[in-house]
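Enquirer: Provided below: my_file15.tsv, containing TSV, C-alpha atoms and all ligand atoms.
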chain	number	residue	atom	x	y	z
G	20	MET	CA	-10.04	3.39	-19.20
G	21	GLN	CA	-7.78	4.01	-16.22
G	22	VAL	CA	-7.61	0.61	-14.57
G	23	ILE	CA	-5.84	1.71	-11.40
G	24	SER	CA	-7.74	3.54	-8.63
G	25	GLU	CA	-6.95	7.23	-8.23
G	26	ARG	CA	-5.46	6.74	-4.78
G	27	VAL	CA	-3.11	3.98	-5.93
G	28	GLN	CA	-2.14	6.00	-9.02
G	29	LYS	CA	-1.19	8.81	-6.64
G	30	MET	CA	0.89	6.43	-4.52
G	31	ILE	CA	2.68	5.19	-7.63
G	32	GLN	CA	3.34	8.75	-8.87
G	33	GLU	CA	4.75	9.74	-5.47
G	34	GLY	CA	6.85	6.57	-5.30
G	35	LEU	CA	5.20	5.71	-1.99
G	36	ALA	CA	6.10	2.17	-0.94
G	37	TYR	CA	7.31	0.40	2.17
G	38	PRO	CA	11.02	1.25	2.53
G	39	LEU	CA	12.57	-2.20	2.67
G	40	ALA	CA	15.79	-2.58	4.65
G	41	GLN	CA	19.08	-2.63	2.76
G	42	SER	CA	19.97	-6.18	1.78
G	43	SER	CA	22.79	-8.01	0.16
G	44	LYS	CA	23.05	-10.97	-2.19
G	45	GLU	CA	25.16	-12.83	0.37
G	46	GLU	CA	22.84	-11.81	3.17
G	47	LYS	CA	23.29	-15.19	4.83
G	48	ASP	CA	26.75	-14.28	6.05
G	49	PHE	CA	25.82	-10.76	7.02
G	50	ILE	CA	25.18	-9.50	10.50
G	51	LYS	CA	21.64	-8.24	10.11
G	52	LEU	CA	20.91	-5.35	12.44
G	53	CYS	CA	18.40	-3.54	10.24
G	54	SER	CA	14.92	-5.01	10.85
G	55	ASN	CA	14.49	-5.16	14.64
G	56	GLU	CA	14.15	-8.93	14.77
G	57	ASN	CA	15.11	-11.02	17.78
G	58	PRO	CA	18.72	-12.13	17.04
G	59	PHE	CA	18.10	-15.39	18.92
G	60	GLY	CA	15.19	-16.30	16.64
G	61	PRO	CA	12.22	-18.30	17.93
G	62	SER	CA	12.02	-20.73	20.84
G	63	PRO	CA	13.00	-24.35	20.01
G	64	MET	CA	9.47	-25.24	21.11
G	65	ALA	CA	8.10	-23.06	18.28
G	66	ILE	CA	10.39	-24.81	15.78
G	67	GLU	CA	9.16	-28.20	16.98
G	68	ALA	CA	5.57	-27.03	16.56
G	69	ILE	CA	6.36	-25.83	13.01
G	70	LYS	CA	7.80	-29.24	12.09
G	71	SER	CA	4.95	-31.23	13.48
G	72	GLU	CA	2.31	-29.02	11.85
G	73	ALA	CA	4.02	-29.16	8.44
G	74	GLU	CA	2.41	-32.43	7.43
G	75	LYS	CA	-1.07	-30.94	7.89
G	76	VAL	CA	-0.70	-28.07	5.42
G	77	GLY	CA	-2.95	-29.84	2.94
G	78	GLU	CA	-5.87	-28.69	5.08
G	79	TYR	CA	-7.07	-25.14	5.69
G	80	PRO	CA	-6.24	-23.68	9.09
G	81	GLU	CA	-8.81	-23.03	11.79
G	82	SER	CA	-10.40	-19.88	10.42
G	83	SER	CA	-10.44	-17.52	13.41
G	84	SER	CA	-7.25	-18.67	15.22
G	85	ILE	CA	-9.37	-19.49	18.26
G	86	GLU	CA	-6.78	-21.62	20.08
G	87	LEU	CA	-4.18	-18.88	19.56
G	88	LYS	CA	-6.61	-16.23	20.83
G	89	GLU	CA	-7.08	-18.31	23.98
G	90	ALA	CA	-3.31	-18.60	24.44
G	91	ILE	CA	-2.87	-14.82	23.97
G	92	GLY	CA	-5.78	-14.25	26.37
G	93	GLU	CA	-4.00	-16.33	29.00
G	94	TYR	CA	-0.66	-14.57	28.35
G	95	LEU	CA	-2.18	-11.09	28.78
G	96	ASP	CA	-4.99	-12.00	31.16
G	97	ILE	CA	-7.77	-10.81	28.86
G	98	ASN	CA	-10.90	-12.42	27.45
G	99	PRO	CA	-10.33	-13.74	23.86
G	100	VAL	CA	-13.43	-11.81	22.72
G	101	HIS	CA	-11.19	-8.74	22.88
G	102	ILE	CA	-8.60	-10.22	20.45
G	103	SER	CA	-8.36	-10.41	16.67
G	104	VAL	CA	-5.39	-12.13	14.98
G	105	GLY	CA	-3.79	-11.27	11.65
G	106	ASN	CA	-1.03	-12.06	9.18
G	107	GLY	CA	1.44	-9.85	11.02
G	108	SER	CA	0.39	-6.70	12.84
G	109	ASP	CA	0.61	-4.99	9.42
G	110	GLU	CA	-2.53	-6.87	8.42
G	111	VAL	CA	-4.17	-6.15	11.78
G	112	MET	CA	-3.53	-2.43	11.19
G	113	ASP	CA	-5.26	-2.74	7.83
G	114	MET	CA	-8.19	-4.58	9.44
G	115	VAL	CA	-8.49	-1.77	12.02
G	116	CYS	CA	-8.72	0.86	9.27
G	117	LYS	CA	-11.19	-1.15	7.21
G	118	ALA	CA	-13.37	-1.71	10.29
G	119	THR	CA	-13.31	1.77	11.78
G	120	MET	CA	-12.45	4.39	9.15
G	121	ASN	CA	-14.39	5.94	6.25
G	122	PRO	CA	-12.87	7.15	2.97
G	123	GLY	CA	-11.46	10.64	3.48
G	124	ASP	CA	-11.18	10.34	7.27
G	125	LYS	CA	-8.14	12.07	8.69
G	126	ALA	CA	-5.68	10.12	10.80
G	127	LEU	CA	-2.89	11.76	12.75
G	128	ILE	CA	0.57	10.24	12.43
G	129	PRO	CA	3.40	11.55	14.60
G	130	ILE	CA	6.66	11.50	12.64
G	131	PRO	CA	9.13	9.94	12.52
G	132	SER	CA	7.29	6.68	13.07
G	133	PHE	CA	6.68	3.33	11.39
G	134	SER	CA	6.17	3.97	7.64
G	135	GLN	CA	3.35	1.49	7.39
G	136	TYR	CA	0.93	3.82	9.27
G	137	GLU	CA	0.89	6.20	6.32
G	138	LEU	CA	0.74	3.44	3.71
G	139	ILE	CA	-2.18	1.67	5.37
G	140	CYS	CA	-4.05	4.99	5.58
G	141	ARG	CA	-3.43	5.76	1.92
G	142	ILE	CA	-4.42	2.24	0.81
G	143	ASN	CA	-7.68	2.64	2.76
G	144	ALA	CA	-8.47	6.00	1.09
G	145	MET	CA	-7.86	7.88	4.34
G	146	ASP	CA	-6.10	11.19	4.72
G	147	PRO	CA	-2.88	10.94	6.77
G	148	ASN	CA	-1.93	14.12	8.66
G	149	PHE	CA	1.50	14.44	10.19
G	150	VAL	CA	2.78	16.03	13.36
G	151	TYR	CA	6.52	16.38	13.95
G	152	LEU	CA	8.08	15.03	17.10
G	153	GLU	CA	10.26	18.08	17.74
G	154	ASP	CA	13.77	16.91	18.65
G	155	TYR	CA	12.27	13.41	18.50
G	156	GLN	CA	10.37	14.03	21.75
G	157	TRP	CA	6.63	13.65	22.48
G	158	ASN	CA	4.72	16.86	22.97
G	159	ILE	CA	1.12	16.49	24.10
G	160	GLU	CA	0.08	20.06	23.26
G	161	SER	CA	0.93	19.73	19.58
G	162	LEU	CA	-0.64	16.26	19.45
G	163	LEU	CA	-3.89	17.49	21.04
G	164	GLU	CA	-4.07	20.47	18.75
G	165	LYS	CA	-3.57	18.41	15.59
G	166	THR	CA	-5.84	15.59	16.77
G	167	ARG	CA	-8.79	17.98	16.88
G	168	ASP	CA	-9.91	17.47	13.29
G	169	CYS	CA	-8.77	13.85	12.98
G	170	ARG	CA	-10.79	10.70	13.57
G	171	ALA	CA	-7.84	8.55	14.65
G	172	ILE	CA	-4.27	8.78	15.85
G	173	PHE	CA	-1.46	6.25	15.54
G	174	ILE	CA	0.95	5.98	18.46
G	175	GLY	CA	4.01	3.69	18.39
G	176	ARG	CA	4.81	2.75	21.99
G	177	PRO	CA	7.78	2.35	22.05
G	178	ASN	CA	7.99	4.32	18.84
G	179	ASN	CA	9.96	3.08	15.84
G	180	PRO	CA	12.58	4.49	15.10
G	181	THR	CA	13.02	6.85	18.07
G	182	GLY	CA	12.66	4.08	20.69
G	183	ASN	CA	10.88	6.40	23.14
G	184	SER	CA	7.24	6.63	24.23
G	185	ILE	CA	4.51	9.06	25.03
G	186	ASP	CA	3.90	8.84	28.79
G	187	ASP	CA	0.78	7.42	30.45
G	188	GLU	CA	-0.78	10.76	31.43
G	189	ASP	CA	-0.43	12.20	27.93
G	190	LEU	CA	-1.82	9.05	26.35
G	191	GLU	CA	-4.81	9.29	28.69
G	192	MET	CA	-5.38	12.86	27.51
G	193	LEU	CA	-5.48	11.63	23.90
G	194	LEU	CA	-7.91	8.87	24.82
G	195	GLU	CA	-10.14	11.39	26.63
G	196	THR	CA	-10.64	13.18	23.27
G	197	GLU	CA	-12.67	10.07	22.28
G	198	LYS	CA	-10.84	9.84	18.94
G	199	LEU	CA	-9.74	6.34	17.97
G	200	VAL	CA	-6.29	5.80	19.44
G	201	ILE	CA	-4.26	3.00	17.85
G	202	VAL	CA	-1.38	2.13	20.16
G	203	ASP	CA	1.21	-0.02	18.40
G	204	GLU	CA	3.03	-2.14	20.98
G	205	ALA	CA	5.09	-4.14	18.48
G	206	TYR	CA	8.07	-3.61	20.82
G	207	GLY	CA	5.98	-3.78	24.01
G	208	GLU	CA	7.77	-6.87	25.33
G	209	PHE	CA	11.07	-4.97	25.49
G	210	SER	CA	9.58	-2.13	27.52
G	211	ASP	CA	8.24	-2.17	31.06
G	212	TYR	CA	4.81	-0.87	30.13
G	213	THR	CA	1.66	-1.77	28.21
G	214	VAL	CA	-1.85	-0.36	27.91
G	215	VAL	CA	-3.49	-3.69	27.13
G	216	ASP	CA	-5.44	-3.53	30.40
G	217	TRP	CA	-6.77	-0.05	29.56
G	218	ILE	CA	-9.24	-1.51	27.05
G	219	GLU	CA	-11.67	-2.00	29.96
G	220	GLY	CA	-11.78	1.76	30.44
G	221	TYR	CA	-11.51	3.09	26.87
G	222	GLU	CA	-13.79	1.87	24.07
G	223	ASN	CA	-11.76	4.00	21.61
G	224	LEU	CA	-8.45	2.23	22.29
G	225	ILE	CA	-6.97	-0.35	19.94
G	226	VAL	CA	-3.67	-2.01	20.91
G	227	LEU	CA	-1.55	-3.76	18.27
G	228	ARG	CA	1.00	-6.45	19.13
G	229	THR	CA	3.12	-8.94	17.24
G	230	PHE	CA	5.03	-12.22	17.36
G	231	SER	CA	7.63	-10.76	14.95
G	232	LYS	CA	9.86	-9.06	17.50
G	233	MET	CA	10.36	-10.56	20.98
G	234	PHE	CA	9.01	-13.97	19.96
G	235	GLY	CA	11.27	-14.24	16.91
G	236	LEU	CA	8.57	-15.26	14.43
G	237	ALA	CA	8.83	-12.40	11.89
G	238	GLY	CA	9.01	-14.86	8.99
G	239	LEU	CA	5.71	-16.50	9.93
G	240	ARG	CA	3.67	-13.27	10.11
G	241	VAL	CA	1.50	-13.28	13.23
G	242	GLY	CA	0.16	-10.18	14.96
G	243	TYR	CA	-2.96	-9.29	16.91
G	244	GLY	CA	-5.19	-6.45	17.95
G	245	ILE	CA	-6.85	-5.93	21.32
G	246	SER	CA	-9.87	-3.69	21.71
G	247	SER	CA	-13.51	-3.41	22.73
G	248	LYS	CA	-15.82	-6.27	21.73
G	249	GLU	CA	-17.54	-3.97	19.21
G	250	ILE	CA	-14.33	-3.06	17.36
G	251	ILE	CA	-13.02	-6.64	17.46
G	252	GLU	CA	-16.29	-7.95	16.00
G	253	ALA	CA	-16.02	-5.42	13.16
G	254	MET	CA	-12.39	-6.42	12.54
G	255	GLU	CA	-13.46	-10.06	12.36
G	256	ARG	CA	-15.99	-9.08	9.65
G	257	VAL	CA	-13.38	-7.50	7.39
G	258	ARG	CA	-10.72	-10.18	7.97
G	259	SER	CA	-10.11	-12.67	5.16
G	260	PRO	CA	-11.28	-16.09	6.31
G	261	PHE	CA	-8.01	-18.02	6.68
G	262	ASN	CA	-5.65	-15.10	7.24
G	263	VAL	CA	-3.27	-16.84	9.66
G	264	ASN	CA	-1.81	-20.09	8.38
G	265	ARG	CA	-1.87	-23.25	10.50
G	266	ILE	CA	1.90	-23.38	11.02
G	267	ALA	CA	1.95	-19.79	12.24
G	268	GLN	CA	-0.93	-20.42	14.66
G	269	LYS	CA	0.79	-23.45	16.24
G	270	ALA	CA	4.21	-21.79	16.38
G	271	ALA	CA	2.82	-18.71	18.12
G	272	ILE	CA	1.05	-20.86	20.72
G	273	ALA	CA	4.28	-22.77	21.41
G	274	ALA	CA	6.32	-19.54	21.56
G	275	LEU	CA	4.04	-18.16	24.27
G	276	LYS	CA	4.60	-21.30	26.36
G	277	ASP	CA	8.40	-21.01	26.40
G	278	LYS	CA	8.68	-18.29	29.03
G	279	GLU	CA	12.23	-19.28	29.92
G	280	PHE	CA	13.54	-18.77	26.36
G	281	VAL	CA	11.83	-15.40	26.00
G	282	GLY	CA	12.94	-14.28	29.48
G	283	LYS	CA	16.60	-15.07	28.75
G	284	ALA	CA	16.53	-13.47	25.29
G	285	ARG	CA	14.94	-10.34	26.74
G	286	GLU	CA	17.50	-10.05	29.52
G	287	THR	CA	20.41	-10.42	27.08
G	288	ILE	CA	18.91	-7.95	24.59
G	289	LEU	CA	18.34	-5.31	27.28
G	290	ASN	CA	21.91	-5.73	28.62
G	291	GLU	CA	23.27	-5.52	25.09
G	292	ARG	CA	21.19	-2.42	24.39
G	293	ASN	CA	22.91	-0.75	27.34
G	294	TYR	CA	26.30	-1.92	26.04
G	295	LEU	CA	25.64	-0.50	22.55
G	296	GLN	CA	24.31	2.76	23.95
G	297	ARG	CA	27.43	3.22	26.10
G	298	GLU	CA	29.87	2.26	23.37
G	299	LEU	CA	28.24	4.37	20.65
G	300	GLU	CA	28.26	7.38	22.93
G	301	SER	CA	31.86	6.88	23.88
G	302	LEU	CA	32.76	6.68	20.17
G	303	GLY	CA	31.11	10.10	19.75
G	304	PHE	CA	27.74	9.14	18.26
G	305	LYS	CA	24.65	11.00	19.42
G	306	THR	CA	22.11	8.40	20.63
G	307	LEU	CA	18.51	8.50	21.78
G	308	PRO	CA	17.57	6.45	24.87
G	309	SER	CA	15.49	3.45	23.80
G	310	ASP	CA	12.85	1.25	25.43
G	311	ALA	CA	12.93	-1.15	22.47
G	312	ASN	CA	15.44	-3.53	20.84
G	313	PHE	CA	16.99	-0.86	18.63
G	314	ILE	CA	18.80	2.44	18.97
G	315	MET	CA	18.47	5.56	16.86
G	316	THR	CA	21.84	7.18	16.59
G	317	SER	CA	23.65	9.84	14.60
G	318	PRO	CA	27.27	9.97	13.41
G	319	LYS	CA	26.92	13.72	12.75
G	320	PRO	CA	28.96	14.86	15.79
G	321	LEU	CA	31.83	12.83	14.26
G	322	GLY	CA	31.47	14.78	11.01
G	323	MET	CA	30.18	11.67	9.26
G	324	ASN	CA	27.22	11.11	7.04
G	325	ALA	CA	24.63	8.32	7.64
G	326	THR	CA	24.86	6.94	4.10
G	327	ASP	CA	28.66	6.69	4.26
G	328	VAL	CA	28.49	4.87	7.60
G	329	CYS	CA	25.87	2.41	6.27
G	330	ASN	CA	27.84	1.77	3.08
G	331	TYR	CA	31.04	1.18	5.03
G	332	LEU	CA	29.33	-1.28	7.38
G	333	ASN	CA	27.68	-3.00	4.43
G	334	ARG	CA	31.10	-3.56	2.83
G	335	GLU	CA	32.23	-5.03	6.15
G	336	GLY	CA	29.25	-7.41	6.24
G	337	ILE	CA	27.00	-5.53	8.68
G	338	LEU	CA	23.53	-4.22	7.76
G	339	ILE	CA	21.96	-1.38	9.72
G	340	ARG	CA	19.07	0.91	8.76
G	341	ASN	CA	19.81	4.23	7.09
G	342	LEU	CA	17.05	6.66	8.13
G	343	SER	CA	17.96	9.31	5.54
G	344	GLY	CA	14.85	10.30	3.62
G	345	PHE	CA	12.42	8.92	6.21
G	346	ARG	CA	9.50	11.24	6.90
G	347	GLY	CA	10.30	13.36	9.95
G	348	ILE	CA	14.03	12.57	10.02
G	349	GLU	CA	16.72	15.15	9.53
G	350	SER	CA	19.66	13.74	7.66
G	351	ASP	CA	22.33	11.62	9.28
G	352	TRP	CA	20.48	9.27	11.57
G	353	VAL	CA	20.62	5.50	11.50
G	354	ARG	CA	18.80	2.78	13.42
G	355	ILE	CA	20.66	-0.19	14.82
G	356	THR	CA	18.93	-3.35	16.01
G	357	VAL	CA	20.45	-4.89	19.12
G	358	GLY	CA	22.12	-8.12	18.03
G	359	ARG	CA	23.81	-10.99	19.82
G	360	PRO	CA	26.77	-10.05	22.06
G	361	LYS	CA	29.38	-11.08	19.47
G	362	GLN	CA	27.59	-9.21	16.69
G	363	ASN	CA	27.39	-6.05	18.77
G	364	LYS	CA	31.09	-6.24	19.62
G	365	ARG	CA	31.93	-6.67	15.95
G	366	LEU	CA	29.77	-3.66	15.05
G	367	ILE	CA	31.53	-1.47	17.63
G	368	LYS	CA	34.97	-2.67	16.52
G	369	THR	CA	34.12	-1.95	12.88
G	370	LEU	CA	32.88	1.53	13.75
G	371	GLU	CA	36.09	2.15	15.72
G	372	GLU	CA	38.09	1.19	12.62
G	373	LEU	CA	36.00	3.54	10.49
G	374	ILE	CA	36.54	6.44	12.89
G	375	GLU	CA	40.27	5.76	13.18
G	376	GLY	CA	40.38	5.75	9.38
A	401	LIG	C1	6.36	-0.22	15.04
A	401	LIG	C2	6.07	-1.44	14.23
A	401	LIG	N1	4.81	-1.88	14.16
A	401	LIG	C3	4.50	-2.96	13.44
A	401	LIG	C4	5.45	-3.65	12.75
A	401	LIG	C5	5.03	-4.78	11.87
A	401	LIG	O1	5.10	-5.97	12.52
A	401	LIG	P1	4.55	-7.30	11.88
A	401	LIG	O2	5.74	-8.10	11.51
A	401	LIG	O3	3.75	-7.91	12.99
A	401	LIG	O4	3.68	-6.96	10.70
A	401	LIG	C6	6.77	-3.24	12.78
A	401	LIG	C7	7.80	-3.97	12.02
A	401	LIG	O5	8.91	-3.58	11.86
A	401	LIG	C8	7.09	-2.10	13.54
A	401	LIG	O6	8.33	-1.63	13.60
Could I get this structure in the form of structure tokens?
Ligand SMILES: Cc1ncc(COP(=O)(O)O)c(C=O)c1O
Expert:
Amino acid sequence: MQVISERVQKMIQEGLAYPLAQSSKEEKDFIKLCSNENPFGPSPMAIEAIKSEAEKVGEYPESSSIELKEAIGEYLDINPVHISVGNGSDEVMDMVCKATMNPGDKALIPIPSFSQYELICRINAMDPNFVYLEDYQWNIESLLEKTRDCRAIFIGRPNNPTGNSIDDEDLEMLLETEKLVIVDEAYGEFSDYTVVDWIEGYENLIVLRTFSKMFGLAGLRVGYGISSKEIIEAMERVRSPFNVNRIAQKAAIAALKDKEFVGKARETILNERNYLQRELESLGFKTLPSDANFIMTSPKPLGMNATDVCNYLNREGILIRNLSGFRGIESDWVRITVGRPKQNKRLIKTLEELIEG
């Protein structure tokens, strides 16, 4: 008897798995610019909350994260009935598919984009369809055409790894098709825009957000979805009962309260993003403008190859993300997370040394 489901057998045969960032045994001493985390980590208030909750881990957490939903509701000015919380937005994405999609349903995935969209579709027996972002730019005509026979579309906004976004008018056109539109705002806090308040007008809109990026809580795994009451109720049905642990719930609530910490981190990250953009371009890299905390850039104009650049930086103690082999990426692009000022300077200096040979 074949004990593995056909769809998972297919994933195994194709070697389909989440492409983990390059790591190193001595990662502790490395400058880690490969996973789009906040280089300042979480607020001290979140760390305090983690410590004081630690002694209670003998007891199950509150099952539906109600206090956290209320805090998110206050943060975004929405009613908690429109919120469902998960073990990272990865889990929320899975809950969305379980709640809204049938086996065999087609979902449109613009590429390049976050690899997990395809994986979650495949795990849920859906049929992922891809549309290329020509020159890494959004094109509403090709999206509309390809959306026609799909039930859902995933939109990263800002998109990972390009860092850019479909504009409001084009997104509205997608929503008007009445397909399910899953807008992933994992990097929303770094941009100046959100469509959270559009849920009043569009029953087919699902917005995903996370505490992993701006709030510096990637290691605790907390994300959430915002949508119509009907979709949220269905997501709550398919959610496992204690999906968000008690430490994560308390830390996320505390992180939301520390507006000063988040405001300062955001300001520094955006300034540093401008610095990196300028410096990379003046070194001769081709870069894409970004609304997030990372930059997609290519060493090709310098006659260099992405893998060689990543390997060189790795030897020098700096980890960035090699995008070679990612769906929708031509060779020789990398993604660099904006780090702390000193880390960014060191990165630029190391790249200068590489170029000077
Ligand atoms: C676009 C995008 N969405 C979602 C996630 C997953 O976030 P989480 O840590 O909340 O699962 C990531 C993580 O890198 C991401 O880049």
Enquirer: Grab me every residue within 6 Å of ligand LIG 401 (chain A), counting all atoms listed in the file, and send it over as JSON, numbers by chain.
Expert: {"G": [107, 108, 109, 133, 175, 179, 203, 205, 229, 231, 237, 240, 241, 242]}
Enquirer: Please indicate the distance in Å from atom CA of Asn324 of chain G to atom CA of Asp351 of chain G, rounded to one decimal place.
Expert: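 Rounded to one decimal, the two atoms are 5.4 Å apart.
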Enquirer: Determine the nearest neighbour of Asn333 of chain G from the options G:Val215, G:Ala311, G:Ala271, G:Leu366, counting all atoms listed in the file.
Expert: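 The closest residue to Asn333 of chain G is G:Leu366.
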Enquirer: Determine the nearest neighbour of Val226 of chain G from the options G:Asp211, G:Glu291, G:Glu204, G:Glu137, counting all atoms listed in the file.
Expert: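 Among the listed residues, the smallest separation from Val226 of chain G belongs to G:Glu204.
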Enquirer: What is the distance, in Å and to one decimal place, between atom CA of Thr306 of chain G and atom CA of Ser350 of chain G?
Expert: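 Atom-to-atom, atom CA of Thr306 of chain G to atom CA of Ser350 of chain G, that is 14.2 Å.
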Enquirer: Of the residues G:Arg285, G:Arg334, G:Lys232, G:His101, which is the one nearest to Ile50 of chain G, using all atoms listed in the file?
Expert: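 Looking at the shortest contact to Ile50 of chain G, the residue is G:Arg334.
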Enquirer: Please, what distance in Å, to one decimal, runs between atom CA of Val111 of chain G and atom CA of Asp146 of chain G?
Expert: 18.8 Å
Enquirer: Give me the residues of segment 204-238 of chain G that have any atom at most 12 Å from an atom of segment 183-191 of chain G; for each, the nearest atom pair and the distance in Å, rounded to one decimal. Use all atoms listed in the file, sort by chain and number, and format it as a Markdown table.
Expert:
| residue | atom | partner | partner_atom | distance |
| --- | --- | --- | --- | --- |
| G:Glu204 | CA | G:Ser184 | CA | 10.3 |
| G:Tyr206 | CA | G:Asn183 | CA | 10.7 |
| G:Gly207 | CA | G:Ser184 | CA | 10.5 |
| G:Phe209 | CA | G:Asn183 | CA | 11.6 |
| G:Ser210 | CA | G:Ser184 | CA | 9.6 |
| G:Asp211 | CA | G:Ser184 | CA | 11.2 |
| G:Tyr212 | CA | G:Asp187 | CA | 9.2 |
| G:Thr213 | CA | G:Asp187 | CA | 9.5 |
| G:Val214 | CA | G:Asp187 | CA | 8.6 |
| G:Trp217 | CA | G:Glu191 | CA | 9.6 |
| G:Ile218 | CA | G:Glu191 | CA | 11.8 |
| G:Gly220 | CA | G:Glu191 | CA | 10.4 |
| G:Tyr221 | CA | G:Glu191 | CA | 9.3 |
| G:Asn223 | CA | G:Glu191 | CA | 11.2 |
| G:Leu224 | CA | G:Glu191 | CA | 10.2 |
Enquirer: (14.7, 0.3, 18.9) in this file's frame - what residues fall within 12 Å of it? Use all atoms listed in the file and give the answer as a ChimeraX atom specification.
Expert: /G:52-57,132-133,175-184,205-210,232-233,288-289,292-293,295-296,306-316,339-340,353-358
Enquirer: Given the selection you just returned, output its residues as a file containing C-alpha atoms, formatted as a PDB file, keeping the file's coordinate frame.
Expert:
ATOM      1  CA  LEU G  52      20.910  -5.350  12.440  1.00  0.00           C
ATOM      2  CA  CYS G  53      18.400  -3.540  10.240  1.00  0.00           C
ATOM      3  CA  SER G  54      14.920  -5.010  10.850  1.00  0.00           C
ATOM      4  CA  ASN G  55      14.490  -5.160  14.640  1.00  0.00           C
ATOM      5  CA  GLU G  56      14.150  -8.930  14.770  1.00  0.00           C
ATOM      6  CA  ASN G  57      15.110 -11.020  17.780  1.00  0.00           C
ATOM      7  CA  SER G 132       7.290   6.680  13.070  1.00  0.00           C
ATOM      8  CA  PHE G 133       6.680   3.330  11.390  1.00  0.00           C
ATOM      9  CA  GLY G 175       4.010   3.690  18.390  1.00  0.00           C
ATOM     10  CA  ARG G 176       4.810   2.750  21.990  1.00  0.00           C
ATOM     11  CA  PRO G 177       7.780   2.350  22.050  1.00  0.00           C
ATOM     12  CA  ASN G 178       7.990   4.320  18.840  1.00  0.00           C
ATOM     13  CA  ASN G 179       9.960   3.080  15.840  1.00  0.00           C
ATOM     14  CA  PRO G 180      12.580   4.490  15.100  1.00  0.00           C
ATOM     15  CA  THR G 181      13.020   6.850  18.070  1.00  0.00           C
ATOM     16  CA  GLY G 182      12.660   4.080  20.690  1.00  0.00           C
ATOM     17  CA  ASN G 183      10.880   6.400  23.140  1.00  0.00           C
ATOM     18  CA  SER G 184       7.240   6.630  24.230  1.00  0.00           C
ATOM     19  CA  ALA G 205       5.090  -4.140  18.480  1.00  0.00           C
ATOM     20  CA  TYR G 206       8.070  -3.610  20.820  1.00  0.00           C
ATOM     21  CA  GLY G 207       5.980  -3.780  24.010  1.00  0.00           C
ATOM     22  CA  GLU G 208       7.770  -6.870  25.330  1.00  0.00           C
ATOM     23  CA  PHE G 209      11.070  -4.970  25.490  1.00  0.00           C
ATOM     24  CA  SER G 210       9.580  -2.130  27.520  1.00  0.00           C
ATOM     25  CA  LYS G 232       9.860  -9.060  17.500  1.00  0.00           C
ATOM     26  CA  MET G 233      10.360 -10.560  20.980  1.00  0.00           C
ATOM     27  CA  ILE G 288      18.910  -7.950  24.590  1.00  0.00           C
ATOM     28  CA  LEU G 289      18.340  -5.310  27.280  1.00  0.00           C
ATOM     29  CA  ARG G 292      21.190  -2.420  24.390  1.00  0.00           C
ATOM     30  CA  ASN G 293      22.910  -0.750  27.340  1.00  0.00           C
ATOM     31  CA  LEU G 295      25.640  -0.500  22.550  1.00  0.00           C
ATOM     32  CA  GLN G 296      24.310   2.760  23.950  1.00  0.00           C
ATOM     33  CA  THR G 306      22.110   8.400  20.630  1.00  0.00           C
ATOM     34  CA  LEU G 307      18.510   8.500  21.780  1.00  0.00           C
ATOM     35  CA  PRO G 308      17.570   6.450  24.870  1.00  0.00           C
ATOM     36  CA  SER G 309      15.490   3.450  23.800  1.00  0.00           C
ATOM     37  CA  ASP G 310      12.850   1.250  25.430  1.00  0.00           C
ATOM     38  CA  ALA G 311      12.930  -1.150  22.470  1.00  0.00           C
ATOM     39  CA  ASN G 312      15.440  -3.530  20.840  1.00  0.00           C
ATOM     40  CA  PHE G 313      16.990  -0.860  18.630  1.00  0.00           C
ATOM     41  CA  ILE G 314      18.800   2.440  18.970  1.00  0.00           C
ATOM     42  CA  MET G 315      18.470   5.560  16.860  1.00  0.00           C
ATOM     43  CA  THR G 316      21.840   7.180  16.590  1.00  0.00           C
ATOM     44  CA  ILE G 339      21.960  -1.380   9.720  1.00  0.00           C
ATOM     45  CA  ARG G 340      19.070   0.910   8.760  1.00  0.00           C
ATOM     46  CA  VAL G 353      20.620   5.500  11.500  1.00  0.00           C
ATOM     47  CA  ARG G 354      18.800   2.780  13.420  1.00  0.00           C
ATOM     48  CA  ILE G 355      20.660  -0.190  14.820  1.00  0.00           C
ATOM     49  CA  THR G 356      18.930  -3.350  16.010  1.00  0.00           C
ATOM     50  CA  VAL G 357      20.450  -4.890  19.120  1.00  0.00           C
ATOM     51  CA  GLY G 358      22.120  -8.120  18.030  1.00  0.00           C
TER      52      GLY G 358
END
Enquirer: Smallest atom-to-atom distance to Val76 of chain G: which of G:Ser24, G:Gln268, G:Gln32, G:Ser343, using all atoms listed in the file?
Expert: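 Smallest distance to Val76 of chain G is found for G:Gln268.
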Enquirer: Which residues, written as a list in words, have at least one atom at most 10 Å from Asp277 of chain G, with all atoms listed in the file counted and residues fewer than 4 positions away on the same chain left out?
Expert: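 Answer for this query is Pro61, Ser62, Pro63, Met64, Ala65, Phe234, Ile272, Ala273, Val281 and Gly282 of chain G.
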